[in-house]
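Each remark here refers to the structure printed beneath this line.
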Amino acid sequence: MLKTLFDIAVRHLLGRRRQTLTTIFGVAISTMVLITTNSLTRGLLESFIETIVNVAPHITVKGEKIDPVPLNLLKRENFSEIAFVDNNIQKLEREEVRNYRQILTLLNSPAYQKQVTVASPYVNAQVMAVKGSRNQPILLKGVLIDREDAISGIRKKMVKGDIALFEKTAHALLVGKTVAKDMNLKLNDQVVLIPASGKSRQCKVAGIFFSGINAVDNSVLSSLKFAQIIDGLPANKVSGIALKVADPFANASLSKDLERVTGYRCMTWQTENASLLSLFTRIGYIVFSLVGFVGIVSGFGVANILVTTVFEKSRDIAIMKSLGFSAVEMVSMFIFEGFMVGLAGALAGGVLAIGSISLLASLPIESSQGPLTKTGFSMSWNPLYFLLIIGITVLISTLAAILPSARAAKLDPITVLRDSSL
């Protein structure tokens, strides 16, 4: 019986071929747009996380001291304690990690050796870069280049120059691609760095790098010692320590432990990028809301063709019921039709989506995608999202067939046949 109902459903759809193809085309286009949009948003998120995990530190030991939390005397049961403040005028101190070598020794101890794979001290200094008539404020980051390479893979991200030239040249700089473009800097150019205090220094561009992270590419790297001189820091102080850990996705407990041991604020990459990750999550919710809305619109198209079929084939339906087809079988037949239209459209949309995603991913266009700069668009090929959107589309198309099928089931064959013979 199911085969008979299936054959009749196929004949109904083929009998209105143009309208059926139009509905399938509409479902296919909506499915393609939804899969492509979802692939773009998820691809951007996955690319961002992958880039951050590979380039940025997983935990950063900041120069911010964590002071003990003061007691709230007003909420204590024992009111015998008294607290007062006398001459609470303090100088605003800049953030710095003191005696950082002791922390490096601690991180290299057996207690943390397996969890922390790399520890790279750094110094951040805001300076003015001058080349000829061009000048621009930049972030100078002093690093130990071998440790920095273990954190960010800077060697592989060099587009001009190399690390060997940087190590051999006095006052050498590795310039981010954005800074090089803004100031028209080329390899071996001379640049004058003017700090907020202290004398200016003439430096040489030893290399230009491109990481894909806009904030990193808008900075300049130097040796740690040179940055300490520029920023007026003694040899035992740095701005912070960048850490690479064994498990970058389960680093919260390690961060808290390091805060307790070192006394300095420790920030995970998730915390530092919490606003962006939250934004990506909200965009994901919006995309899946669009999936529902567009799927409903596609469902109306499917319902429209089936309502028309019920109206035009009412005599055939009446004959089928008079031959013994039950109301349940009539409902099943039209649900078959809705399912087939939805499935055909969703599968066609999936194929079209593969083409559109491949096209967007292969475009040789360098574009800024939020906090990243990429060539082509970051697209996700996760098959789960393909199956999810195709499944939702087919489900809505199938459900859309319930109303027309209920109408067909309620037709009175005697009344229909009598009216059609008049």
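For the structure tokens, the naming scheme is as follows: chains receive sequential letters (A, B, ...) according to their order of presentation, residues are indexed from 1 within each chain, and ligands are indexed from 1 in presentation order.
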
Neighbour list for region 236-248 of chain A as a PyMOL selection string, cut-off 6 Å, only C-alpha atoms, skip fewer than 3 positions in-chain
chain A and resi 57-63+96-99+115-123+251

Using DSSP on the backbone, list every residue of region 88-229 of chain A that comes out as strand (DSSP E), and give them as a VMD selection string.
chain A and resid 97 to 98 116 to 131 134 to 143 158 to 161 172 to 176 190 to 195 201 to 209 219 to 223

For those residues, write C-alpha atoms to a file as a PDB file, in the first residue's frame.
```
ATOM      1  CA  VAL A  97      56.197  42.136  36.885  1.00  0.00           C
ATOM      2  CA  ARG A  98      59.136  42.370  39.261  1.00  0.00           C
ATOM      3  CA  VAL A 116      53.271  25.241  30.993  1.00  0.00           C
ATOM      4  CA  THR A 117      55.207  24.481  27.810  1.00  0.00           C
ATOM      5  CA  VAL A 118      56.601  27.972  27.094  1.00  0.00           C
ATOM      6  CA  ALA A 119      57.013  31.142  29.167  1.00  0.00           C
ATOM      7  CA  SER A 120      57.999  34.327  27.316  1.00  0.00           C
ATOM      8  CA  PRO A 121      58.599  37.617  29.189  1.00  0.00           C
ATOM      9  CA  TYR A 122      57.747  40.797  27.288  1.00  0.00           C
ATOM     10  CA  VAL A 123      57.824  44.574  27.651  1.00  0.00           C
ATOM     11  CA  ASN A 124      55.142  46.797  26.099  1.00  0.00           C
ATOM     12  CA  ALA A 125      56.021  50.428  25.397  1.00  0.00           C
ATOM     13  CA  GLN A 126      54.024  53.114  23.619  1.00  0.00           C
ATOM     14  CA  VAL A 127      56.365  55.063  21.328  1.00  0.00           C
ATOM     15  CA  MET A 128      56.200  57.422  18.380  1.00  0.00           C
ATOM     16  CA  ALA A 129      57.732  56.042  15.187  1.00  0.00           C
ATOM     17  CA  VAL A 130      59.134  58.569  12.739  1.00  0.00           C
ATOM     18  CA  LYS A 131      60.310  57.996   9.183  1.00  0.00           C
ATOM     19  CA  ARG A 134      55.641  60.221   8.440  1.00  0.00           C
ATOM     20  CA  ASN A 135      55.018  59.610  12.138  1.00  0.00           C
ATOM     21  CA  GLN A 136      52.704  57.249  13.934  1.00  0.00           C
ATOM     22  CA  PRO A 137      52.168  56.071  17.526  1.00  0.00           C
ATOM     23  CA  ILE A 138      52.861  52.343  17.766  1.00  0.00           C
ATOM     24  CA  LEU A 139      53.088  49.591  20.363  1.00  0.00           C
ATOM     25  CA  LEU A 140      56.674  48.386  20.780  1.00  0.00           C
ATOM     26  CA  LYS A 141      56.873  44.885  22.224  1.00  0.00           C
ATOM     27  CA  GLY A 142      60.220  43.666  23.484  1.00  0.00           C
ATOM     28  CA  VAL A 143      60.659  39.888  23.511  1.00  0.00           C
ATOM     29  CA  MET A 158      57.869  36.535   8.187  1.00  0.00           C
ATOM     30  CA  VAL A 159      57.023  37.932   4.751  1.00  0.00           C
ATOM     31  CA  LYS A 160      60.276  39.906   4.379  1.00  0.00           C
ATOM     32  CA  GLY A 161      63.602  39.572   6.145  1.00  0.00           C
ATOM     33  CA  ALA A 172      66.576  45.825  15.018  1.00  0.00           C
ATOM     34  CA  LEU A 173      62.812  45.788  14.591  1.00  0.00           C
ATOM     35  CA  LEU A 174      60.303  43.260  13.274  1.00  0.00           C
ATOM     36  CA  VAL A 175      57.439  45.344  11.935  1.00  0.00           C
ATOM     37  CA  GLY A 176      53.833  44.196  11.634  1.00  0.00           C
ATOM     38  CA  GLN A 190      65.774  53.465   9.282  1.00  0.00           C
ATOM     39  CA  VAL A 191      63.108  54.410  11.827  1.00  0.00           C
ATOM     40  CA  VAL A 192      63.389  56.746  14.810  1.00  0.00           C
ATOM     41  CA  LEU A 193      61.526  55.678  17.965  1.00  0.00           C
ATOM     42  CA  ILE A 194      60.624  58.436  20.408  1.00  0.00           C
ATOM     43  CA  PRO A 195      59.513  57.219  23.871  1.00  0.00           C
ATOM     44  CA  ARG A 201      66.649  55.798  19.265  1.00  0.00           C
ATOM     45  CA  GLN A 202      67.382  55.069  15.633  1.00  0.00           C
ATOM     46  CA  CYS A 203      66.381  51.565  14.619  1.00  0.00           C
ATOM     47  CA  LYS A 204      66.525  49.390  11.526  1.00  0.00           C
ATOM     48  CA  VAL A 205      63.725  47.315   9.987  1.00  0.00           C
ATOM     49  CA  ALA A 206      65.060  43.738   9.964  1.00  0.00           C
ATOM     50  CA  GLY A 207      61.832  42.054   8.924  1.00  0.00           C
ATOM     51  CA  ILE A 208      58.109  42.403   8.253  1.00  0.00           C
ATOM     52  CA  PHE A 209      55.626  39.812   9.552  1.00  0.00           C
ATOM     53  CA  SER A 219      52.686  46.316  16.578  1.00  0.00           C
ATOM     54  CA  VAL A 220      56.487  46.220  16.331  1.00  0.00           C
ATOM     55  CA  LEU A 221      58.812  43.659  17.943  1.00  0.00           C
ATOM     56  CA  SER A 222      62.254  44.386  19.361  1.00  0.00           C
ATOM     57  CA  SER A 223      64.647  42.638  21.717  1.00  0.00           C
TER      58      SER A 223
END
```

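Minimum atom-to-atom distance to Gly338 (chain A), evaluated using only C-alpha atoms, belongs to A:Gly299 out of A:Gly299, A:Ile52, A:Leu384, A:Ser197.
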
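Distance-wise, CA of Leu144 (chain A) and CA of Arg94 (chain A) end up 21.7 Å apart.
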
So that I can see what lies close to Gly284 (chain A), please list as number ranges by chain the residues with an atom at most 12 Å from it, counting only C-alpha atoms and leaving out residues fewer than 6 positions away in the same chain.
A: 34, 37-45, 277-278, 290-291, 385

Mind dumping the selected residues with N, CA and C atoms as an mmCIF file, in the first residue's frame?
```cif
data_model
loop_
_atom_site.group_PDB
_atom_site.id
_atom_site.type_symbol
_atom_site.label_atom_id
_atom_site.label_comp_id
_atom_site.auth_asym_id
_atom_site.auth_seq_id
_atom_site.Cartn_x
_atom_site.Cartn_y
_atom_site.Cartn_z
ATOM 1 N N LEU A 34 21.143 29.654 3.706
ATOM 2 C CA LEU A 34 21.283 29.375 5.135
ATOM 3 C C LEU A 34 22.562 28.608 5.440
ATOM 4 N N THR A 37 25.537 31.050 4.917
ATOM 5 C CA THR A 37 25.618 32.043 5.993
ATOM 6 C C THR A 37 26.140 31.404 7.272
ATOM 7 N N ASN A 38 25.614 30.236 7.591
ATOM 8 C CA ASN A 38 26.069 29.541 8.796
ATOM 9 C C ASN A 38 27.537 29.146 8.675
ATOM 10 N N SER A 39 27.943 28.705 7.480
ATOM 11 C CA SER A 39 29.331 28.330 7.259
ATOM 12 C C SER A 39 30.260 29.528 7.443
ATOM 13 N N LEU A 40 29.808 30.700 6.997
ATOM 14 C CA LEU A 40 30.628 31.899 7.124
ATOM 15 C C LEU A 40 30.801 32.303 8.588
ATOM 16 N N THR A 41 29.692 32.324 9.339
ATOM 17 C CA THR A 41 29.774 32.741 10.743
ATOM 18 C C THR A 41 30.543 31.723 11.584
ATOM 19 N N ARG A 42 30.256 30.443 11.380
ATOM 20 C CA ARG A 42 30.977 29.420 12.148
ATOM 21 C C ARG A 42 32.444 29.364 11.728
ATOM 22 N N GLY A 43 32.697 29.571 10.439
ATOM 23 C CA GLY A 43 34.078 29.561 9.955
ATOM 24 C C GLY A 43 34.898 30.683 10.553
ATOM 25 N N LEU A 44 34.283 31.858 10.688
ATOM 26 C CA LEU A 44 34.976 32.986 11.296
ATOM 27 C C LEU A 44 35.307 32.690 12.754
ATOM 28 N N LEU A 45 34.354 32.105 13.478
ATOM 29 C CA LEU A 45 34.595 31.757 14.880
ATOM 30 C C LEU A 45 35.701 30.711 15.004
ATOM 31 N N LEU A 277 33.997 36.451 21.721
ATOM 32 C CA LEU A 277 33.392 35.110 21.747
ATOM 33 C C LEU A 277 31.889 35.210 22.013
ATOM 34 N N SER A 278 31.486 36.140 22.875
ATOM 35 C CA SER A 278 30.067 36.361 23.150
ATOM 36 C C SER A 278 29.354 36.883 21.912
ATOM 37 N N LEU A 290 17.266 32.678 11.692
ATOM 38 C CA LEU A 290 16.980 32.840 10.267
ATOM 39 C C LEU A 290 16.662 31.495 9.615
ATOM 40 N N VAL A 291 17.364 30.452 10.079
ATOM 41 C CA VAL A 291 17.072 29.111 9.554
ATOM 42 C C VAL A 291 15.599 28.777 9.763
ATOM 43 N N TYR A 385 26.513 20.915 10.410
ATOM 44 C CA TYR A 385 25.651 22.055 10.109
ATOM 45 C C TYR A 385 24.905 21.849 8.788
#
```

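For the atom pair formed by CA of Trp381 (chain A) and CA of Pro364 (chain A), the distance is 18.8 Å, given to one decimal.
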
Separation of CA of Ala28 (chain A) and CA of Phe377 (chain A), in Å?
22.5 Å
